[in-house]
$ cat data34.pdb   # PDB, C-alpha atoms
MODEL        1
ATOM      1  CA  MET A   1       0.000   0.000   0.000
ATOM      2  CA  ASN A   2       1.352   3.385  -1.020
ATOM      3  CA  ASN A   3      -1.493   5.725  -0.167
ATOM      4  CA  LYS A   4      -1.509   7.641   3.124
ATOM      5  CA  PHE A   5      -5.220   7.651   3.891
ATOM      6  CA  TYR A   6      -4.843   5.888   7.269
ATOM      7  CA  LEU A   7      -2.200   8.409   8.322
ATOM      8  CA  ARG A   8      -3.902  11.572   7.059
ATOM      9  CA  LEU A   9      -7.198  10.570   8.639
ATOM     10  CA  THR A  10      -5.550  10.014  12.009
ATOM     11  CA  GLU A  11      -3.611  13.297  11.753
ATOM     12  CA  LEU A  12      -6.656  15.338  10.748
ATOM     13  CA  ARG A  13      -8.814  13.836  13.463
ATOM     14  CA  LYS A  14      -6.211  14.640  16.122
ATOM     15  CA  GLU A  15      -5.548  18.136  14.749
ATOM     16  CA  HIS A  16      -9.273  18.810  15.092
ATOM     17  CA  ASN A  17      -9.355  17.289  18.574
ATOM     18  CA  ILE A  18     -12.050  14.830  17.629
ATOM     19  CA  SER A  19     -12.276  11.387  19.188
ATOM     20  CA  ARG A  20     -12.860   8.314  17.045
ATOM     21  CA  SER A  21     -16.262   8.080  18.652
ATOM     22  CA  ASP A  22     -17.157  11.663  17.707
ATOM     23  CA  LEU A  23     -15.920  11.204  14.167
ATOM     24  CA  ALA A  24     -17.885   7.987  13.827
ATOM     25  CA  GLN A  25     -21.017   9.857  14.852
ATOM     26  CA  LYS A  26     -20.337  12.732  12.435
ATOM     27  CA  LEU A  27     -19.793  10.350   9.531
ATOM     28  CA  ASN A  28     -22.562   7.997  10.582
ATOM     29  CA  VAL A  29     -20.336   4.921  10.741
ATOM     30  CA  SER A  30     -19.196   2.621  13.551
ATOM     31  CA  VAL A  31     -16.187   3.386  15.743
ATOM     32  CA  ARG A  32     -14.784   0.021  14.702
ATOM     33  CA  LEU A  33     -14.780   1.133  11.075
ATOM     34  CA  ILE A  34     -12.841   4.303  11.943
ATOM     35  CA  SER A  35     -10.316   2.069  13.721
ATOM     36  CA  TYR A  36     -10.005  -0.158  10.673
ATOM     37  CA  TRP A  37      -9.371   2.873   8.472
ATOM     38  CA  GLU A  38      -6.798   4.400  10.828
ATOM     39  CA  ASN A  39      -5.012   1.089  11.205
ATOM     40  CA  ALA A  40      -4.893   0.636   7.426
ATOM     41  CA  LYS A  41      -6.914  -2.539   7.662
ATOM     42  CA  ARG A  42      -9.623  -1.258   5.324
ATOM     43  CA  GLU A  43     -10.275   1.585   2.937
ATOM     44  CA  CYS A  44     -13.536   3.502   2.838
ATOM     45  CA  ASP A  45     -15.508   3.794  -0.389
ATOM     46  CA  PHE A  46     -15.246   6.833  -2.667
ATOM     47  CA  ASP A  47     -18.416   8.521  -1.401
ATOM     48  CA  MET A  48     -17.091   8.329   2.152
ATOM     49  CA  LEU A  49     -13.693   9.606   0.997
ATOM     50  CA  LEU A  50     -15.452  12.661  -0.422
ATOM     51  CA  LYS A  51     -17.498  13.044   2.747
ATOM     52  CA  ILE A  52     -14.326  12.978   4.859
ATOM     53  CA  SER A  53     -12.544  15.439   2.545
ATOM     54  CA  ASN A  54     -15.506  17.811   2.889
ATOM     55  CA  PHE A  55     -15.705  17.321   6.638
ATOM     56  CA  PHE A  56     -12.051  18.292   7.119
ATOM     57  CA  SER A  57     -11.998  20.765   4.189
ATOM     58  CA  VAL A  58      -9.079  19.062   2.450
ATOM     59  CA  SER A  59      -8.658  17.648  -1.037
ATOM     60  CA  THR A  60      -8.841  13.929  -1.674
ATOM     61  CA  ASP A  61      -5.304  14.251  -3.070
ATOM     62  CA  TYR A  62      -4.211  15.391   0.373
ATOM     63  CA  LEU A  63      -6.197  12.644   2.111
ATOM     64  CA  LEU A  64      -4.498  10.028  -0.033
ATOM     65  CA  GLY A  65      -1.035  11.574   0.249
ATOM     66  CA  LYS A  66      -0.727  12.191  -3.495
ATOM     67  CA  ASP A  67       1.662  15.077  -2.864
ATOM     68  CA  ASP A  68       4.170  12.577  -1.528
ATOM     69  CA  TYR A  69       4.219  10.591  -4.757
TER      70      TYR A  69
ATOM     71  CA  MET B   1     -23.515   6.545  -5.133
ATOM     72  CA  ASN B   2     -22.579  10.193  -5.565
ATOM     73  CA  ASN B   3     -19.025  10.031  -6.858
ATOM     74  CA  LYS B   4     -18.330  10.262 -10.583
ATOM     75  CA  PHE B   5     -15.371   7.895 -10.870
ATOM     76  CA  TYR B   6     -17.059   5.598 -13.416
ATOM     77  CA  LEU B   7     -17.922   8.589 -15.604
ATOM     78  CA  ARG B   8     -14.610  10.433 -15.359
ATOM     79  CA  LEU B   9     -12.656   7.253 -16.091
ATOM     80  CA  THR B  10     -14.715   6.568 -19.212
ATOM     81  CA  GLU B  11     -14.412  10.190 -20.375
ATOM     82  CA  LEU B  12     -10.654  10.353 -19.818
ATOM     83  CA  ARG B  13     -10.045   7.042 -21.548
ATOM     84  CA  LYS B  14     -12.023   8.161 -24.604
ATOM     85  CA  GLU B  15     -10.424  11.626 -24.658
ATOM     86  CA  HIS B  16      -7.049   9.903 -24.767
ATOM     87  CA  ASN B  17      -8.246   7.477 -27.461
ATOM     88  CA  ILE B  18      -7.313   4.469 -25.369
ATOM     89  CA  SER B  19      -9.271   1.209 -25.566
ATOM     90  CA  ARG B  20     -10.276  -0.629 -22.403
ATOM     91  CA  SER B  21      -7.811  -3.298 -23.417
ATOM     92  CA  ASP B  22      -4.948  -0.801 -23.732
ATOM     93  CA  LEU B  23      -5.805   0.832 -20.421
ATOM     94  CA  ALA B  24      -5.969  -2.558 -18.728
ATOM     95  CA  GLN B  25      -2.483  -3.299 -19.992
ATOM     96  CA  LYS B  26      -1.127   0.091 -18.860
ATOM     97  CA  LEU B  27      -2.589  -0.341 -15.374
ATOM     98  CA  ASN B  28      -1.776  -4.034 -15.164
ATOM     99  CA  VAL B  29      -5.349  -5.123 -14.473
ATOM    100  CA  SER B  30      -7.912  -7.198 -16.400
ATOM    101  CA  VAL B  31     -10.178  -5.711 -19.054
ATOM    102  CA  ARG B  32     -13.108  -7.039 -17.051
ATOM    103  CA  LEU B  33     -12.073  -4.916 -14.091
ATOM    104  CA  ILE B  34     -11.971  -1.772 -16.252
ATOM    105  CA  SER B  35     -15.506  -2.643 -17.379
ATOM    106  CA  TYR B  36     -16.657  -3.046 -13.795
ATOM    107  CA  TRP B  37     -15.212   0.370 -12.920
ATOM    108  CA  GLU B  38     -16.714   2.110 -15.949
ATOM    109  CA  ASN B  39     -20.110   0.527 -15.324
ATOM    110  CA  ALA B  40     -20.013   1.600 -11.667
ATOM    111  CA  LYS B  41     -20.187  -1.993 -10.507
ATOM    112  CA  ARG B  42     -16.978  -1.738  -8.499
ATOM    113  CA  GLU B  43     -14.554   0.876  -7.224
ATOM    114  CA  CYS B  44     -10.792   0.505  -7.441
ATOM    115  CA  ASP B  45      -8.637   0.748  -4.329
ATOM    116  CA  PHE B  46      -6.880   3.981  -3.345
ATOM    117  CA  ASP B  47      -3.488   2.994  -4.743
ATOM    118  CA  MET B  48      -5.091   2.324  -8.118
ATOM    119  CA  LEU B  49      -7.011   5.607  -7.892
ATOM    120  CA  LEU B  50      -3.677   7.398  -7.474
ATOM    121  CA  LYS B  51      -2.156   5.385 -10.313
ATOM    122  CA  ILE B  52      -5.029   6.370 -12.617
ATOM    123  CA  SER B  53      -4.831  10.031 -11.565
ATOM    124  CA  ASN B  54      -1.102  10.009 -12.376
ATOM    125  CA  PHE B  55      -1.643   8.179 -15.667
ATOM    126  CA  PHE B  56      -4.142  10.799 -16.878
ATOM    127  CA  SER B  57      -2.460  13.720 -15.056
ATOM    128  CA  VAL B  58      -5.596  14.713 -13.167
ATOM    129  CA  SER B  59      -6.340  15.153  -9.479
ATOM    130  CA  THR B  60      -8.220  12.498  -7.538
ATOM    131  CA  ASP B  61     -10.764  15.254  -6.779
ATOM    132  CA  TYR B  62     -11.411  15.479 -10.504
ATOM    133  CA  LEU B  63     -11.542  11.700 -10.906
ATOM    134  CA  LEU B  64     -14.173  11.487  -8.180
ATOM    135  CA  GLY B  65     -16.143  14.495  -9.406
ATOM    136  CA  LYS B  66     -15.632  16.459  -6.202
ATOM    137  CA  ASP B  67     -16.008  19.741  -8.085
ATOM    138  CA  ASP B  68     -19.613  18.816  -8.778
ATOM    139  CA  TYR B  69     -20.468  18.456  -5.106
TER     140      TYR B  69
ENDMDL
END
$ encode --input "data34.pdb" --output "C-alpha cells"
Amino acid sequence: MNNKFYLRLTELRKEHNISRSDLAQKLNVSVRLISYWENAKRECDFDMLLKISNFFSVSTDYLLGKDDY
Amino acid sequence: MNNKFYLRLTELRKEHNISRSDLAQKLNVSVRLISYWENAKRECDFDMLLKISNFFSVSTDYLLGKDDY
C-alpha cells in the first residue's frame, strides 16, 4: 500500500481534537470502522472519501497523500 | 452513489483514445475490471485511484467528481 489515507485521517482527526467516537457519529459509521481505516486494515468507499474530505476541508489528493508521490 | 469515478474514467479514456484493453495493460489489471469500474459496478482501491490520476495527469478530486459536489 502506497497511499496515506490511514495516516492523514488520524492526523486530521487529532488536529481537530475529535475522538474516534465523535468522528464515527459525524460520519454515521461505527467506531470500529474508523479504527479499521486508521489502522490501514480497510479503505472507505469513494463517497465516504469525499465526505471525509468535505468534513475536514481538504482535497482527496491530500487525504491520499498524493503530494508525496 | 454520488461520486463520478465511473464517468470520469470513461471520459478520460475516450479523450485519450485508449481502448479498455490498452488501459488494462497500462494499469496491469484485467479488461473485465476496467468494465466493472466504468459501469459503476466496483470501485478501485486507493493505490489504483492514485495510479489512474497520475496516468491521466488529473487530481483524484477530478476523478471522483468532487467539483460537482
$ residues_around --input "data34.pdb" --residues "segment 42-50 of chain A" --least-positions-apart "6" --cutoff "12 Å" --atoms "all atoms listed in the file" --output "CSV table (one decimal) with C-alpha atoms, keeping the file's coordinate frame"
chain,number,residue,atom,x,y,z
A,1,MET,CA,0.0,0.0,0.0
A,3,ASN,CA,-1.5,5.7,-0.2
A,4,LYS,CA,-1.5,7.6,3.1
A,5,PHE,CA,-5.2,7.7,3.9
A,6,TYR,CA,-4.8,5.9,7.3
A,7,LEU,CA,-2.2,8.4,8.3
A,8,ARG,CA,-3.9,11.6,7.1
A,9,LEU,CA,-7.2,10.6,8.6
A,24,ALA,CA,-17.9,8.0,13.8
A,26,LYS,CA,-20.3,12.7,12.4
A,27,LEU,CA,-19.8,10.4,9.5
A,28,ASN,CA,-22.6,8.0,10.6
A,29,VAL,CA,-20.3,4.9,10.7
A,32,ARG,CA,-14.8,0.0,14.7
A,33,LEU,CA,-14.8,1.1,11.1
A,34,ILE,CA,-12.8,4.3,11.9
A,35,SER,CA,-10.3,2.1,13.7
A,36,TYR,CA,-10.0,-0.2,10.7
A,56,PHE,CA,-12.1,18.3,7.1
A,57,SER,CA,-12.0,20.8,4.2
A,58,VAL,CA,-9.1,19.1,2.4
A,59,SER,CA,-8.7,17.6,-1.0
A,60,THR,CA,-8.8,13.9,-1.7
A,61,ASP,CA,-5.3,14.3,-3.1
A,62,TYR,CA,-4.2,15.4,0.4
A,63,LEU,CA,-6.2,12.6,2.1
A,64,LEU,CA,-4.5,10.0,0.0
B,1,MET,CA,-23.5,6.5,-5.1
B,2,ASN,CA,-22.6,10.2,-5.6
B,3,ASN,CA,-19.0,10.0,-6.9
B,4,LYS,CA,-18.3,10.3,-10.6
B,5,PHE,CA,-15.4,7.9,-10.9
B,6,TYR,CA,-17.1,5.6,-13.4
B,40,ALA,CA,-20.0,1.6,-11.7
B,42,ARG,CA,-17.0,-1.7,-8.5
B,43,GLU,CA,-14.6,0.9,-7.2
B,44,CYS,CA,-10.8,0.5,-7.4
B,45,ASP,CA,-8.6,0.7,-4.3
B,46,PHE,CA,-6.9,4.0,-3.3
B,47,ASP,CA,-3.5,3.0,-4.7
B,49,LEU,CA,-7.0,5.6,-7.9
B,60,THR,CA,-8.2,12.5,-7.5
B,61,ASP,CA,-10.8,15.3,-6.8
B,62,TYR,CA,-11.4,15.5,-10.5
B,63,LEU,CA,-11.5,11.7,-10.9
B,64,LEU,CA,-14.2,11.5,-8.2
B,65,GLY,CA,-16.1,14.5,-9.4
B,66,LYS,CA,-15.6,16.5,-6.2
B,67,ASP,CA,-16.0,19.7,-8.1
B,68,ASP,CA,-19.6,18.8,-8.8
B,69,TYR,CA,-20.5,18.5,-5.1
$ calpha_fit_and_write --input "data34.pdb" --fixed "chain A" --moving "chain B" --output "PDB file with C-alpha atoms, in the frame of the given file"
ATOM      1  CA  MET B   1      -0.002  -0.014  -0.007  1.00  0.00           C
ATOM      2  CA  ASN B   2       1.343   3.381  -1.022  1.00  0.00           C
ATOM      3  CA  ASN B   3      -1.501   5.731  -0.176  1.00  0.00           C
ATOM      4  CA  LYS B   4      -1.504   7.629   3.112  1.00  0.00           C
ATOM      5  CA  PHE B   5      -5.224   7.643   3.885  1.00  0.00           C
ATOM      6  CA  TYR B   6      -4.845   5.893   7.262  1.00  0.00           C
ATOM      7  CA  LEU B   7      -2.195   8.413   8.316  1.00  0.00           C
ATOM      8  CA  ARG B   8      -3.889  11.567   7.046  1.00  0.00           C
ATOM      9  CA  LEU B   9      -7.195  10.569   8.639  1.00  0.00           C
ATOM     10  CA  THR B  10      -5.535  10.013  12.013  1.00  0.00           C
ATOM     11  CA  GLU B  11      -3.602  13.294  11.757  1.00  0.00           C
ATOM     12  CA  LEU B  12      -6.646  15.338  10.750  1.00  0.00           C
ATOM     13  CA  ARG B  13      -8.811  13.840  13.469  1.00  0.00           C
ATOM     14  CA  LYS B  14      -6.206  14.649  16.127  1.00  0.00           C
ATOM     15  CA  GLU B  15      -5.550  18.147  14.751  1.00  0.00           C
ATOM     16  CA  HIS B  16      -9.267  18.812  15.080  1.00  0.00           C
ATOM     17  CA  ASN B  17      -9.344  17.296  18.584  1.00  0.00           C
ATOM     18  CA  ILE B  18     -12.049  14.838  17.616  1.00  0.00           C
ATOM     19  CA  SER B  19     -12.267  11.379  19.193  1.00  0.00           C
ATOM     20  CA  ARG B  20     -12.853   8.312  17.037  1.00  0.00           C
ATOM     21  CA  SER B  21     -16.256   8.083  18.649  1.00  0.00           C
ATOM     22  CA  ASP B  22     -17.148  11.670  17.716  1.00  0.00           C
ATOM     23  CA  LEU B  23     -15.913  11.215  14.162  1.00  0.00           C
ATOM     24  CA  ALA B  24     -17.890   7.996  13.828  1.00  0.00           C
ATOM     25  CA  GLN B  25     -21.009   9.867  14.863  1.00  0.00           C
ATOM     26  CA  LYS B  26     -20.336  12.748  12.443  1.00  0.00           C
ATOM     27  CA  LEU B  27     -19.792  10.353   9.536  1.00  0.00           C
ATOM     28  CA  ASN B  28     -22.566   7.991  10.572  1.00  0.00           C
ATOM     29  CA  VAL B  29     -20.342   4.916  10.734  1.00  0.00           C
ATOM     30  CA  SER B  30     -19.194   2.615  13.558  1.00  0.00           C
ATOM     31  CA  VAL B  31     -16.193   3.391  15.745  1.00  0.00           C
ATOM     32  CA  ARG B  32     -14.783   0.031  14.703  1.00  0.00           C
ATOM     33  CA  LEU B  33     -14.776   1.135  11.081  1.00  0.00           C
ATOM     34  CA  ILE B  34     -12.832   4.303  11.944  1.00  0.00           C
ATOM     35  CA  SER B  35     -10.303   2.062  13.708  1.00  0.00           C
ATOM     36  CA  TYR B  36     -10.009  -0.170  10.665  1.00  0.00           C
ATOM     37  CA  TRP B  37      -9.363   2.872   8.463  1.00  0.00           C
ATOM     38  CA  GLU B  38      -6.800   4.402  10.819  1.00  0.00           C
ATOM     39  CA  ASN B  39      -4.992   1.083  11.199  1.00  0.00           C
ATOM     40  CA  ALA B  40      -4.892   0.626   7.415  1.00  0.00           C
ATOM     41  CA  LYS B  41      -6.914  -2.559   7.648  1.00  0.00           C
ATOM     42  CA  ARG B  42      -9.627  -1.275   5.327  1.00  0.00           C
ATOM     43  CA  GLU B  43     -10.281   1.581   2.929  1.00  0.00           C
ATOM     44  CA  CYS B  44     -13.538   3.508   2.830  1.00  0.00           C
ATOM     45  CA  ASP B  45     -15.525   3.792  -0.389  1.00  0.00           C
ATOM     46  CA  PHE B  46     -15.251   6.836  -2.662  1.00  0.00           C
ATOM     47  CA  ASP B  47     -18.416   8.519  -1.404  1.00  0.00           C
ATOM     48  CA  MET B  48     -17.091   8.324   2.148  1.00  0.00           C
ATOM     49  CA  LEU B  49     -13.695   9.599   0.983  1.00  0.00           C
ATOM     50  CA  LEU B  50     -15.456  12.664  -0.431  1.00  0.00           C
ATOM     51  CA  LYS B  51     -17.504  13.043   2.746  1.00  0.00           C
ATOM     52  CA  ILE B  52     -14.331  12.977   4.858  1.00  0.00           C
ATOM     53  CA  SER B  53     -12.549  15.434   2.548  1.00  0.00           C
ATOM     54  CA  ASN B  54     -15.514  17.815   2.878  1.00  0.00           C
ATOM     55  CA  PHE B  55     -15.721  17.327   6.645  1.00  0.00           C
ATOM     56  CA  PHE B  56     -12.058  18.296   7.116  1.00  0.00           C
ATOM     57  CA  SER B  57     -11.996  20.766   4.187  1.00  0.00           C
ATOM     58  CA  VAL B  58      -9.094  19.057   2.442  1.00  0.00           C
ATOM     59  CA  SER B  59      -8.668  17.643  -1.046  1.00  0.00           C
ATOM     60  CA  THR B  60      -8.858  13.912  -1.676  1.00  0.00           C
ATOM     61  CA  ASP B  61      -5.312  14.253  -3.074  1.00  0.00           C
ATOM     62  CA  TYR B  62      -4.221  15.388   0.371  1.00  0.00           C
ATOM     63  CA  LEU B  63      -6.200  12.648   2.113  1.00  0.00           C
ATOM     64  CA  LEU B  64      -4.489  10.028  -0.033  1.00  0.00           C
ATOM     65  CA  GLY B  65      -1.038  11.590   0.252  1.00  0.00           C
ATOM     66  CA  LYS B  66      -0.721  12.192  -3.479  1.00  0.00           C
ATOM     67  CA  ASP B  67       1.659  15.094  -2.868  1.00  0.00           C
ATOM     68  CA  ASP B  68       4.163  12.618  -1.479  1.00  0.00           C
ATOM     69  CA  TYR B  69       4.230  10.553  -4.653  1.00  0.00           C
TER      70      TYR B  69
END
$ atom_distance --input "data34.pdb" --atom1 "atom CA of Val31 of chain A" --atom2 "atom CA of Glu11 of chain A"
16.5 Å
$ axis_aligned_box --input "data34.pdb" --around "segment 37-41 of chain B" --padding-each-side "4 Å" --output "AutoDock Vina command-line options"
--center_x -17.7 --center_y 0.1 --center_z -13.2 --size_x 13.0 --size_y 12.1 --size_z 13.4
$ atom_distance --input "data34.pdb" --atom1 "atom CA of Asn39 of chain B" --atom2 "atom CA of Phe55 of chain A"
28.0 Å
$ atom_distance --input "data34.pdb" --atom1 "atom CA of Lys41 of chain A" --atom2 "atom CA of Asp22 of chain A"
20.2 Å
